[in-house]
file coords26.cif (mmCIF, C-alpha atoms)
data_upload
loop_
_atom_site.label_atom_id
_atom_site.label_comp_id
_atom_site.auth_asym_id
_atom_site.auth_seq_id
_atom_site.Cartn_x
_atom_site.Cartn_y
_atom_site.Cartn_z
CA SER A 1 166.83 192.89 142.67
CA ILE A 2 166.18 194.70 139.41
CA LYS A 3 167.78 191.82 137.53
CA ASN A 4 165.62 189.30 139.28
CA LEU A 5 162.47 191.37 138.61
CA TYR A 6 163.34 191.55 134.87
CA VAL A 7 163.82 187.80 134.69
CA PHE A 8 160.47 187.33 136.41
CA PHE A 9 158.57 189.55 133.96
CA SER A 10 160.41 187.97 131.03
CA ASN A 11 159.29 184.52 132.15
CA GLN A 12 155.70 185.71 132.63
CA ASN A 13 155.63 187.23 129.14
CA ALA A 14 156.97 184.02 127.72
CA ASN A 15 154.26 182.04 129.49
CA ILE A 16 151.58 184.40 128.18
CA LEU A 17 152.89 184.07 124.62
CA ILE A 18 152.98 180.29 124.91
CA ALA A 19 149.45 180.22 126.32
CA HIS A 20 148.19 182.57 123.62
CA LYS A 21 149.83 180.49 120.92
CA TYR A 22 148.32 177.33 122.36
CA LEU A 23 144.84 178.80 122.66
CA PHE A 24 144.93 180.28 119.17
CA SER A 25 146.27 177.07 117.72
CA SER A 26 143.54 174.98 119.47
CA ASP A 27 140.76 177.34 118.41
CA SER A 28 141.94 177.28 114.82
CA GLN A 29 142.16 173.50 114.77
CA ALA A 30 138.71 173.20 116.32
CA THR A 31 137.32 175.57 113.72
CA HIS A 32 138.99 173.58 110.98
CA ASN A 33 137.68 170.27 112.35
CA GLY A 34 134.14 171.66 112.67
CA PHE A 35 134.15 172.79 109.07
CA SER A 36 135.25 169.35 107.85
CA TYR A 37 132.55 167.48 109.84
CA SER A 38 129.79 169.72 108.53
CA ASN A 39 130.88 169.17 104.96
CA LEU A 40 131.10 165.45 105.56
CA CYS A 41 127.52 165.35 106.88
CA LYS A 42 126.26 167.30 103.90
CA MET A 43 128.06 165.03 101.45
CA ALA A 44 126.73 161.91 103.21
CA PHE A 45 123.18 163.26 103.08
CA ILE A 46 123.51 164.12 99.37
CA ILE A 47 124.87 160.66 98.57
CA PHE A 48 122.13 158.94 100.61
CA PHE A 49 119.41 161.05 98.97
CA ALA A 50 120.80 160.29 95.52
CA ILE A 51 120.95 156.53 96.19
CA PHE A 52 117.44 156.57 97.71
CA SER A 53 116.08 158.52 94.73
CA ILE A 54 117.66 156.14 92.24
CA PHE A 55 116.39 153.13 94.19
CA THR A 56 112.89 154.62 94.40
CA PHE A 57 112.91 155.37 90.69
CA ILE A 58 113.98 151.81 89.85
CA ILE A 59 111.28 150.35 92.13
CA ALA A 60 108.66 152.66 90.58
CA LEU A 61 109.63 151.54 87.08
CA TYR A 62 109.55 147.90 88.14
CA LEU A 63 106.13 148.25 89.79
CA LYS A 64 104.79 150.08 86.74
CA ARG A 65 105.98 147.26 84.52
CA LEU A 66 104.67 144.66 86.97
CA SER A 67 101.26 146.36 87.15
CA LYS A 68 100.68 145.48 83.50
CA ASP A 69 100.46 141.82 84.47
CA TYR A 70 99.39 142.02 88.11
CA TYR A 71 96.78 143.83 90.16
CA LEU A 72 99.27 144.99 92.81
CA TRP A 73 96.82 146.09 95.49
CA ALA A 74 94.79 142.86 95.47
CA PRO A 75 97.33 141.27 94.75
CA CYS A 76 96.59 138.92 91.85
CA LYS A 77 97.44 138.32 88.23
CA ARG A 78 95.44 140.33 85.72
CA LEU A 79 93.30 138.58 83.15
CA LYS A 80 93.92 139.60 79.55
CA THR A 81 92.12 139.17 76.27
CA VAL A 82 93.61 136.97 73.57
CA ASP A 83 93.30 139.65 70.88
CA GLY A 84 94.88 142.34 73.07
CA SER A 85 91.76 144.48 73.35
CA ARG A 86 90.67 146.14 76.58
CA LEU A 87 89.30 143.69 79.10
CA SER A 88 86.39 145.96 79.95
CA GLU A 89 85.18 145.66 76.36
CA LYS A 90 84.68 141.92 76.76
CA VAL A 91 83.55 141.52 80.37
CA TYR A 92 82.50 143.63 83.31
CA VAL A 93 85.29 144.22 85.85
CA VAL A 94 83.60 144.62 89.24
CA PRO A 95 85.07 147.63 91.11
CA GLY A 96 86.06 146.89 94.69
CA THR A 97 84.79 148.75 97.73
CA THR A 98 88.45 149.48 98.63
CA VAL A 99 91.70 149.90 96.71
CA PHE A 100 92.49 146.27 97.54
CA GLY A 101 90.33 144.87 94.75
CA ASN A 102 87.32 142.84 95.88
CA ASN A 103 89.05 141.29 98.90
CA PHE A 104 86.92 143.09 101.46
CA ASP A 105 83.63 143.08 99.53
CA ILE A 106 82.48 139.87 101.18
CA LEU A 107 84.48 139.91 104.41
CA GLY A 108 82.40 138.29 107.16
CA SER A 109 79.65 137.25 104.75
CA THR A 110 77.43 134.18 105.09
CA PRO A 111 76.45 131.79 102.28
CA GLU A 112 73.09 133.56 102.10
CA THR A 113 74.57 137.05 101.72
CA ILE A 114 77.10 135.78 99.14
CA PHE A 115 74.23 134.27 97.13
CA LEU A 116 72.34 137.58 97.17
CA TRP A 117 75.55 139.48 96.35
CA CYS A 118 76.15 137.30 93.26
CA ARG A 119 72.59 137.86 92.08
CA GLU A 120 73.04 141.60 92.53
CA LEU A 121 76.25 141.48 90.45
CA TYR A 122 74.39 139.64 87.70
CA ARG A 123 71.71 142.36 87.65
CA ARG A 124 74.35 145.09 87.71
CA THR A 125 76.18 143.61 84.73
CA ASN A 126 72.96 142.99 82.76
CA GLY A 127 73.78 139.32 82.37
CA LYS A 128 77.34 139.96 81.22
CA SER A 129 80.17 137.79 82.50
CA TYR A 130 82.22 139.58 85.15
CA ILE A 131 85.60 139.48 86.88
CA LEU A 132 86.42 139.74 90.58
CA ASN A 133 89.97 140.41 91.79
CA PHE A 134 90.72 138.56 95.01
CA PHE A 135 93.89 137.70 96.90
CA ARG A 136 96.17 135.66 94.60
CA VAL A 137 93.39 134.92 92.12
CA SER A 138 91.09 136.64 89.63
CA VAL A 139 87.68 135.00 89.44
CA TYR A 140 85.98 134.95 86.04
CA SER A 141 82.27 134.41 86.65
CA ILE A 142 80.71 133.04 83.47
CA THR A 143 77.06 133.76 82.78
CA SER A 144 76.89 132.71 79.12
CA PRO A 145 75.96 129.05 78.38
CA GLU A 146 78.23 129.12 75.32
CA ASP A 147 81.23 130.16 77.42
CA VAL A 148 80.40 127.52 80.02
CA GLN A 149 80.34 124.85 77.33
CA GLU A 150 83.73 125.95 76.03
CA VAL A 151 85.28 125.68 79.49
CA PHE A 152 83.70 122.31 80.30
CA GLN A 153 84.78 120.74 77.02
CA SER A 154 88.34 122.02 77.21
CA GLN A 155 91.13 119.51 77.80
CA THR A 156 93.64 122.24 78.69
CA LEU A 157 91.72 124.49 81.11
CA ILE A 158 92.12 122.02 83.95
CA THR A 159 94.49 123.78 86.37
CA LYS A 160 92.49 124.69 89.47
CA GLY A 161 92.72 127.98 91.33
CA VAL A 162 93.58 128.75 94.93
CA ILE A 163 89.93 128.36 95.97
CA TYR A 164 90.09 124.62 95.26
CA GLU A 165 93.11 124.30 97.53
CA LEU A 166 90.82 125.01 100.48
CA ALA A 167 89.06 121.71 99.77
CA ARG A 168 92.22 119.63 99.28
CA PRO A 169 92.42 118.38 102.91
CA PHE A 170 88.96 116.89 102.36
CA LEU A 171 89.14 115.74 98.72
CA GLY A 172 92.83 114.85 98.57
CA ASP A 173 94.15 114.55 95.02
CA GLY A 174 90.82 113.58 93.49
CA LEU A 175 89.61 114.49 90.03
CA LEU A 176 88.11 117.81 91.11
CA VAL A 177 91.33 119.37 92.43
CA SER A 178 93.98 117.49 90.42
CA SER A 179 95.57 118.72 87.20
CA ASP A 180 98.10 117.88 84.47
CA GLN A 181 98.78 114.21 83.68
CA HIS A 182 97.26 113.00 86.94
CA TRP A 183 93.93 114.54 85.93
CA HIS A 184 94.09 112.99 82.45
CA ASP A 185 94.87 109.52 83.84
CA ARG A 186 92.03 109.61 86.37
CA ARG A 187 89.62 111.08 83.82
CA LYS A 188 90.45 108.25 81.40
CA LEU A 189 89.98 105.70 84.17
CA LEU A 190 86.62 107.00 85.42
CA THR A 191 84.89 108.12 82.22
CA PRO A 192 83.64 104.60 81.32
CA ALA A 193 81.91 104.40 84.72
CA PHE A 194 79.57 107.21 83.62
CA HIS A 195 78.80 105.89 80.16
CA PHE A 196 75.24 106.35 78.95
CA ASN A 197 74.55 102.60 79.19
CA ILE A 198 75.65 102.62 82.82
CA LEU A 199 73.36 105.54 83.63
CA GLN A 200 70.47 103.81 81.89
CA SER A 201 70.78 100.91 84.31
CA PHE A 202 70.19 103.33 87.21
CA ILE A 203 66.82 104.61 85.99
CA GLU A 204 64.98 102.44 88.49
CA VAL A 205 67.05 103.85 91.36
CA PHE A 206 66.38 107.42 90.24
CA LYS A 207 62.67 106.67 89.95
CA ASN A 208 62.37 105.10 93.41
CA GLU A 209 64.32 107.89 95.10
CA SER A 210 62.26 110.54 93.28
CA LEU A 211 59.06 108.96 94.52
CA LYS A 212 60.43 108.99 98.07
CA LEU A 213 61.25 112.70 97.68
CA ILE A 214 57.73 113.52 96.44
CA LYS A 215 56.26 111.64 99.36
CA SER A 216 58.43 113.60 101.80
CA ILE A 217 57.41 116.93 100.23
CA LYS A 218 53.71 116.02 100.32
CA ALA A 219 54.02 115.18 104.00
CA GLU A 220 55.08 118.81 104.57
CA ALA A 221 52.52 120.30 102.18
CA ASN A 222 50.60 122.17 104.89
CA GLY A 223 53.65 123.99 106.19
CA VAL A 224 56.93 125.51 105.08
CA VAL A 225 59.15 122.98 103.33
CA ASN A 226 62.87 123.36 103.97
CA LEU A 227 64.39 121.94 100.79
CA HIS A 228 67.84 121.96 102.34
CA ASP A 229 66.66 119.19 104.68
CA LEU A 230 65.03 117.04 101.98
CA ILE A 231 67.08 117.42 98.79
CA PRO A 232 70.55 116.55 100.22
CA GLU A 233 69.19 113.29 101.61
CA PHE A 234 67.65 112.54 98.22
CA THR A 235 70.90 113.18 96.29
CA LEU A 236 73.08 111.30 98.81
CA ASN A 237 70.85 108.22 98.48
CA ASN A 238 71.14 108.43 94.70
CA VAL A 239 74.92 108.73 94.54
CA CYS A 240 75.47 105.94 97.06
CA GLU A 241 73.16 103.46 95.31
CA THR A 242 74.43 104.24 91.82
CA ALA A 243 78.10 105.24 91.71
CA LEU A 244 79.03 103.37 94.90
CA GLY A 245 76.53 100.51 94.74
CA VAL A 246 75.45 100.57 98.40
CA SER A 247 72.20 101.41 100.16
CA LEU A 248 72.32 103.86 103.03
CA ASP A 249 69.93 101.60 104.89
CA ASP A 250 72.94 99.30 105.39
CA ILE A 251 75.40 102.09 106.30
CA PRO A 252 74.94 104.00 109.57
CA GLY A 253 76.00 107.62 109.95
CA SER A 254 74.46 109.26 106.87
CA LYS A 255 73.00 112.11 108.95
CA GLU A 256 76.36 112.78 110.57
CA TYR A 257 77.97 112.75 107.12
CA ARG A 258 75.55 115.34 105.76
CA ARG A 259 76.07 117.48 108.86
CA SER A 260 79.86 117.27 108.53
CA ILE A 261 79.70 118.27 104.85
CA HIS A 262 77.54 121.25 105.75
CA ASN A 263 80.03 122.29 108.45
CA LEU A 264 82.97 121.90 106.07
CA GLU A 265 81.26 124.14 103.54
CA LEU A 266 80.65 126.85 106.12
CA VAL A 267 84.30 126.84 107.18
CA MET A 268 85.48 126.96 103.55
CA VAL A 269 83.12 129.87 102.83
CA ASN A 270 84.47 131.74 105.86
CA ARG A 271 88.04 131.15 104.66
CA LEU A 272 87.05 132.26 101.18
CA CYS A 273 85.69 135.56 102.55
CA ASN A 274 88.87 136.38 104.49
CA PRO A 275 92.10 136.55 102.43
CA LEU A 276 94.27 136.10 105.53
CA MET A 277 92.67 132.69 106.15
CA TYR A 278 94.11 131.40 102.87
CA TYR A 279 97.37 130.91 104.76
CA GLU A 280 97.37 127.61 106.63
CA THR A 281 99.27 129.14 109.57
CA MET A 282 96.70 131.93 109.99
CA PHE A 283 93.89 129.40 109.67
CA TYR A 284 95.50 127.23 112.34
CA LEU A 285 95.97 130.14 114.76
CA PHE A 286 92.79 132.15 114.23
CA GLY A 287 90.38 130.01 112.19
CA ASP A 288 88.16 126.97 112.80
CA HIS A 289 91.07 124.61 112.20
CA LYS A 290 90.13 121.97 114.77
CA LYS A 291 86.46 122.00 113.80
CA PHE A 292 87.35 121.69 110.11
CA TYR A 293 89.60 118.66 110.51
CA ARG A 294 87.18 117.04 112.95
CA ASP A 295 84.48 117.17 110.28
CA VAL A 296 86.96 115.97 107.66
CA LYS A 297 87.54 112.87 109.80
CA VAL A 298 83.79 112.23 110.10
CA ALA A 299 83.39 112.46 106.31
CA HIS A 300 86.41 110.25 105.65
CA ASP A 301 85.27 107.63 108.15
CA PHE A 302 81.85 107.43 106.48
CA SER A 303 83.31 107.00 102.98
CA SER A 304 85.83 104.48 104.32
CA MET A 305 82.96 102.33 105.65
CA ILE A 306 81.47 102.25 102.17
CA ILE A 307 84.82 101.41 100.56
CA GLU A 308 85.52 98.56 102.99
CA LYS A 309 82.04 97.12 102.58
CA LYS A 310 82.35 97.05 98.79
CA ARG A 311 85.94 95.82 98.89
CA GLU A 312 84.88 92.78 100.91
CA GLU A 313 82.18 92.03 98.36
CA PHE A 314 84.73 92.41 95.57
CA LYS A 315 87.19 90.04 97.28
CA SER A 316 84.41 87.53 97.90
CA ARG A 317 83.66 87.45 94.18
CA GLN A 318 87.37 87.06 93.50
CA ARG A 319 87.62 84.08 95.87
CA ALA A 320 84.52 82.56 94.32
CA GLY A 321 86.14 82.80 90.90
CA LYS A 322 83.34 84.95 89.49
CA LEU A 323 85.66 87.54 87.96
CA ASP A 324 86.68 86.97 84.36
CA GLU A 325 89.74 89.17 83.81
CA GLN A 326 89.34 89.29 80.04
CA ALA A 327 85.66 90.11 80.32
CA ASN A 328 86.41 92.76 82.91
CA LYS A 329 88.50 94.71 80.41
CA ARG A 330 85.55 94.98 78.03
CA LYS A 331 82.68 95.43 80.45
CA ARG A 332 81.70 98.74 82.02
CA TYR A 333 81.05 98.95 85.76
CA ALA A 334 79.81 101.48 88.27
CA MET A 335 82.46 103.82 89.63
CA LEU A 336 83.54 101.98 92.76
CA ASP A 337 83.80 98.61 91.00
CA THR A 338 85.83 100.30 88.26
CA LEU A 339 88.25 101.57 90.89
CA PHE A 340 88.60 98.12 92.47
CA TYR A 341 89.40 96.55 89.10
CA ALA A 342 91.98 99.28 88.51
CA GLU A 343 93.47 98.61 91.96
CA ALA A 344 93.77 94.92 91.12
CA ARG A 345 95.76 95.87 88.01
CA GLY A 346 97.99 98.25 89.99
CA VAL A 347 96.67 101.37 88.24
CA ILE A 348 95.48 103.04 91.46
CA ASP A 349 96.21 102.56 95.17
CA HIS A 350 93.97 102.63 98.24
CA GLN A 351 94.51 106.35 98.89
CA GLY A 352 93.62 107.11 95.30
CA ILE A 353 90.34 105.22 95.70
CA CYS A 354 89.57 107.16 98.88
CA ASP A 355 90.27 110.48 97.13
CA GLU A 356 88.00 109.68 94.20
CA VAL A 357 85.19 108.33 96.40
CA ASN A 358 85.32 111.42 98.62
CA THR A 359 85.33 113.62 95.51
CA PHE A 360 82.38 111.96 93.81
CA MET A 361 80.36 111.64 96.98
CA PHE A 362 80.84 115.36 97.58
CA GLU A 363 80.14 116.31 93.96
CA GLY A 364 77.31 113.86 93.43
CA TYR A 365 75.63 114.65 96.72
CA ASP A 366 76.24 118.29 97.57
CA THR A 367 76.71 119.89 94.16
CA THR A 368 73.70 118.04 92.73
CA SER A 369 71.51 119.00 95.69
CA VAL A 370 72.42 122.69 95.21
CA CYS A 371 71.54 122.43 91.51
CA VAL A 372 68.19 120.77 92.27
CA ILE A 373 67.31 123.39 94.89
CA PHE A 374 68.31 126.20 92.53
CA THR A 375 66.21 124.65 89.75
CA LEU A 376 63.17 124.49 92.03
CA LEU A 377 63.79 128.11 93.05
CA ASN A 378 63.77 129.24 89.42
CA LEU A 379 60.66 127.19 88.64
CA ALA A 380 58.93 128.94 91.54
CA LEU A 381 60.04 132.34 90.27
CA HIS A 382 59.03 131.68 86.65
CA GLN A 383 55.52 130.24 86.67
CA ASP A 384 55.30 130.05 82.87
CA ILE A 385 58.36 127.80 82.65
CA GLN A 386 57.04 125.71 85.53
CA GLU A 387 53.79 125.15 83.62
CA LYS A 388 55.69 124.03 80.50
CA CYS A 389 57.70 121.53 82.57
CA TYR A 390 54.52 120.25 84.17
CA GLN A 391 52.86 119.75 80.79
CA GLU A 392 55.91 117.91 79.49
CA VAL A 393 55.83 115.53 82.44
CA GLN A 394 52.11 115.00 81.99
CA ASN A 395 52.62 114.03 78.36
CA LEU A 396 55.29 111.43 79.12
CA GLY A 397 54.35 107.84 78.50
CA GLU A 398 54.37 105.26 81.24
#
call {"tool": "encode", "arguments": {"input": "coords26.cif", "output": "structure tokens"}}
result
Amino acid sequence: SIKNLYVFFSNQNANILIAHKYLFSSDSQATHNGFSYSNLCKMAFIIFFAIFSIFTFIIALYLKRLSKDYYLWAPCKRLKTVDGSRLSEKVYVVPGTTVFGNNFDILGSTPETIFLWCRELYRRTNGKSYILNFFRVSVYSITSPEDVQEVFQSQTLITKGVIYELARPFLGDGLLVSSDQHWHDRRKLLTPAFHFNILQSFIEVFKNESLKLIKSIKAEANGVVNLHDLIPEFTLNNVCETALGVSLDDIPGSKEYRRSIHNLELVMVNRLCNPLMYYETMFYLFGDHKKFYRDVKVAHDFSSMIIEKKREEFKSRQRAGKLDEQANKRKRYAMLDTLFYAEARGVIDHQGICDEVNTFMFEGYDTTSVCVIFTLLNLALHQDIQEKCYQEVQNLGE
């Protein structure tokens, strides 16, 4: 019995020792594993922080270097002076209302408020040319006639900015929005159509249309005259009878054409005021995409009627044998006839003719009407200059 009791206690002691050894061994291993995991986490964090710091430093250096050439918050490329002097010494850089340049200065504006805003900028800069930083483009607004002349006479400053791209669906690849060799070729083709001798032959047209305009203004003399209703009709009649050689009395749809051009301008102004609308996808989803292209079709259909009418007349003269090819190379013609002769020689195709007609109808009608209205505005504001102009007209011979 005593022997059995001793064996029992010996076995129990052995079990306790084994259990103690196991527990101690497990606790030590757990402590060892915990220590290793903590160190590993710390090392991983240090390595991540070091890599992130290096990456941030490299990005900061890159952005600092990039900021010398680009306005990063706008974002757009910075304009620089040729002699390396500070830009603010040459022109006035208009500060934006936000850190994003001038992008949000005219957000949601109308043509009227933009006009007043530009006049306010001119007063703020004391007549000095100024720069606006918009999305993807810096706009250099020239106020000096000498600077304007230098730009207009340049044969290299012909690459158009992003603003002109908004009009490309309407004007195609016409002279206004084209660049590089294409611009030079079209300019060479169309310049003879606006020779001084050609313009001289249109004096009678200008005179008759001017008399019609005066008659229309006198009819409204007792009330308020809305020049935007009268002047565009006047300029559209002029460009159609001169450059295109057709009378609007023979072409229906002139009122719809003027309305469509006005609508196109409003949509383009709205896109211009919202940088997000520069993207075609955003314009399609959230802009007046359908309205814009509906008006584009109206404008294209109207110009196409004019082109087809004149093309039939041109072909009739060809069939009648009234076109002397050698004489045609020496003689100057109005714009549309010049394009038809170029088409016959394979210099331009039908789409090219459509692009140039749409371009010159838009420029000759809308741009000219804006200039005439602005001239009349300034004559009304400056009575002394108005009197000088009146005296000059009075002294003209018959």
call {"tool": "resolve_selection", "arguments": {"input": "coords26.cif", "expression": "the PyMOL selection byres ((chain A and resi 96) around 12)", "output": "list of chain:residue names"}}
result
A:Trp73, A:Ala74, A:Val93, A:Val94, A:Pro95, A:Thr97, A:Thr98, A:Val99, A:Phe100, A:Gly101, A:Asn102, A:Asn103, A:Phe104, A:Asp105, A:Ile106, A:Leu121, A:Ile131, A:Leu132, A:Asn133, A:Phe134
call {"tool": "resolve_selection", "arguments": {"input": "coords26.cif", "expression": "the PyMOL selection byres ((chain A and resi 141) around 6)", "output": "number ranges by chain"}}
result
A: 129-130, 140, 142
call {"tool": "residues_around", "arguments": {"input": "coords26.cif", "residues": "range 346-357 of chain A", "least_positions_apart": "4", "cutoff": "12 Å", "atoms": "all atoms listed in the file", "output": "ChimeraX atom specification"}}
result
/A:167-178,182-183,185-190,239-240,243-245,299-308,310-311,334-342,361-365
call {"tool": "atom_distance", "arguments": {"input": "coords26.cif", "atom1": "CA of Tyr92 in chain A", "atom2": "CA of Gly127 in chain A"}}
result
9.8 Å
call {"tool": "atom_distance", "arguments": {"input": "coords26.cif", "atom1": "CA of Leu272 in chain A", "atom2": "CA of Leu157 in chain A"}}
result
22.0 Å
call {"tool": "atom_distance", "arguments": {"input": "coords26.cif", "atom1": "CA of Leu66 in chain A", "atom2": "CA of Phe48 in chain A"}}
result
26.4 Å
call {"tool": "resolve_selection", "arguments": {"input": "coords26.cif", "expression": "the PyMOL selection byres ((chain A and resi 108) around 9)", "output": "PyMOL selection string"}}
result
chain A and resi 104+106-107+109-110+270+273-274
call {"tool": "closest_residue", "arguments": {"input": "coords26.cif", "among": "A:Val82, A:Ile158, A:Leu276, A:Cys76", "to": "Val137 in chain A", "atoms": "all atoms listed in the file"}}
result
A:Cys76
call {"tool": "closest_residue", "arguments": {"input": "coords26.cif", "among": "A:Lys207, A:Lys77, A:His289, A:Lys128", "to": "Gly161 in chain A", "atoms": "all atoms listed in the file"}}
result
A:Lys77
call {"tool": "closest_residue", "arguments": {"input": "coords26.cif", "among": "A:Leu376, A:Val151, A:Met268, A:Leu213", "to": "Asn237 in chain A", "atoms": "all atoms listed in the file"}}
result
A:Leu213
call {"tool": "closest_residue", "arguments": {"input": "coords26.cif", "among": "A:Lys291, A:Arg258, A:Phe374, A:Tyr70", "to": "Phe135 in chain A", "atoms": "all atoms listed in the file"}}
result
A:Tyr70
call {"tool": "axis_aligned_box", "arguments": {"input": "coords26.cif", "around": "range 105-113 of chain A", "padding_each_side": "5 Å", "output": "JSON"}}
result
{"center_x": 78.8, "center_y": 137.4, "center_z": 103.3, "size_x": 21.4, "size_y": 21.3, "size_z": 17.6}
call {"tool": "residues_around", "arguments": {"input": "coords26.cif", "residues": "Tyr279 in chain A", "least_positions_apart": "2", "cutoff": "12 Å", "atoms": "only C-alpha atoms", "output": "ChimeraX atom specification"}}
result
/A:135-136,162-163,165-166,271-272,274-277,281-287,289
call {"tool": "decode", "arguments": {"input": "coords26.cif", "residues": "range 235-261 of chain A", "atoms": "C-alpha atoms", "output": "tab-separated table (two decimals), in the first residue's frame"}}
result
chain	number	residue	atom	x	y	z
A	235	THR	CA	-24.39	92.89	-92.11
A	236	LEU	CA	-25.84	89.53	-93.21
A	237	ASN	CA	-27.29	91.15	-96.35
A	238	ASN	CA	-23.90	92.70	-97.10
A	239	VAL	CA	-21.85	89.53	-96.72
A	240	CYS	CA	-24.29	87.44	-98.75
A	241	GLU	CA	-24.46	89.89	-101.67
A	242	THR	CA	-20.72	90.53	-101.77
A	243	ALA	CA	-18.62	87.55	-100.71
A	244	LEU	CA	-21.24	84.96	-101.66
A	245	GLY	CA	-22.92	86.77	-104.55
A	246	VAL	CA	-26.54	86.00	-103.60
A	247	SER	CA	-29.46	88.13	-102.45
A	248	LEU	CA	-31.32	87.07	-99.35
A	249	ASP	CA	-34.53	87.93	-101.13
A	250	ASP	CA	-33.95	84.72	-103.13
A	251	ILE	CA	-32.93	82.59	-100.11
A	252	PRO	CA	-35.53	81.75	-97.45
A	253	GLY	CA	-34.59	81.21	-93.82
A	254	SER	CA	-32.40	84.24	-93.07
A	255	LYS	CA	-34.29	84.99	-89.83
A	256	GLU	CA	-33.87	81.40	-88.66
A	257	TYR	CA	-30.17	81.60	-89.52
A	258	ARG	CA	-29.67	84.75	-87.45
A	259	ARG	CA	-31.59	83.17	-84.57
A	260	SER	CA	-29.50	80.00	-84.73
A	261	ILE	CA	-26.25	82.01	-84.71
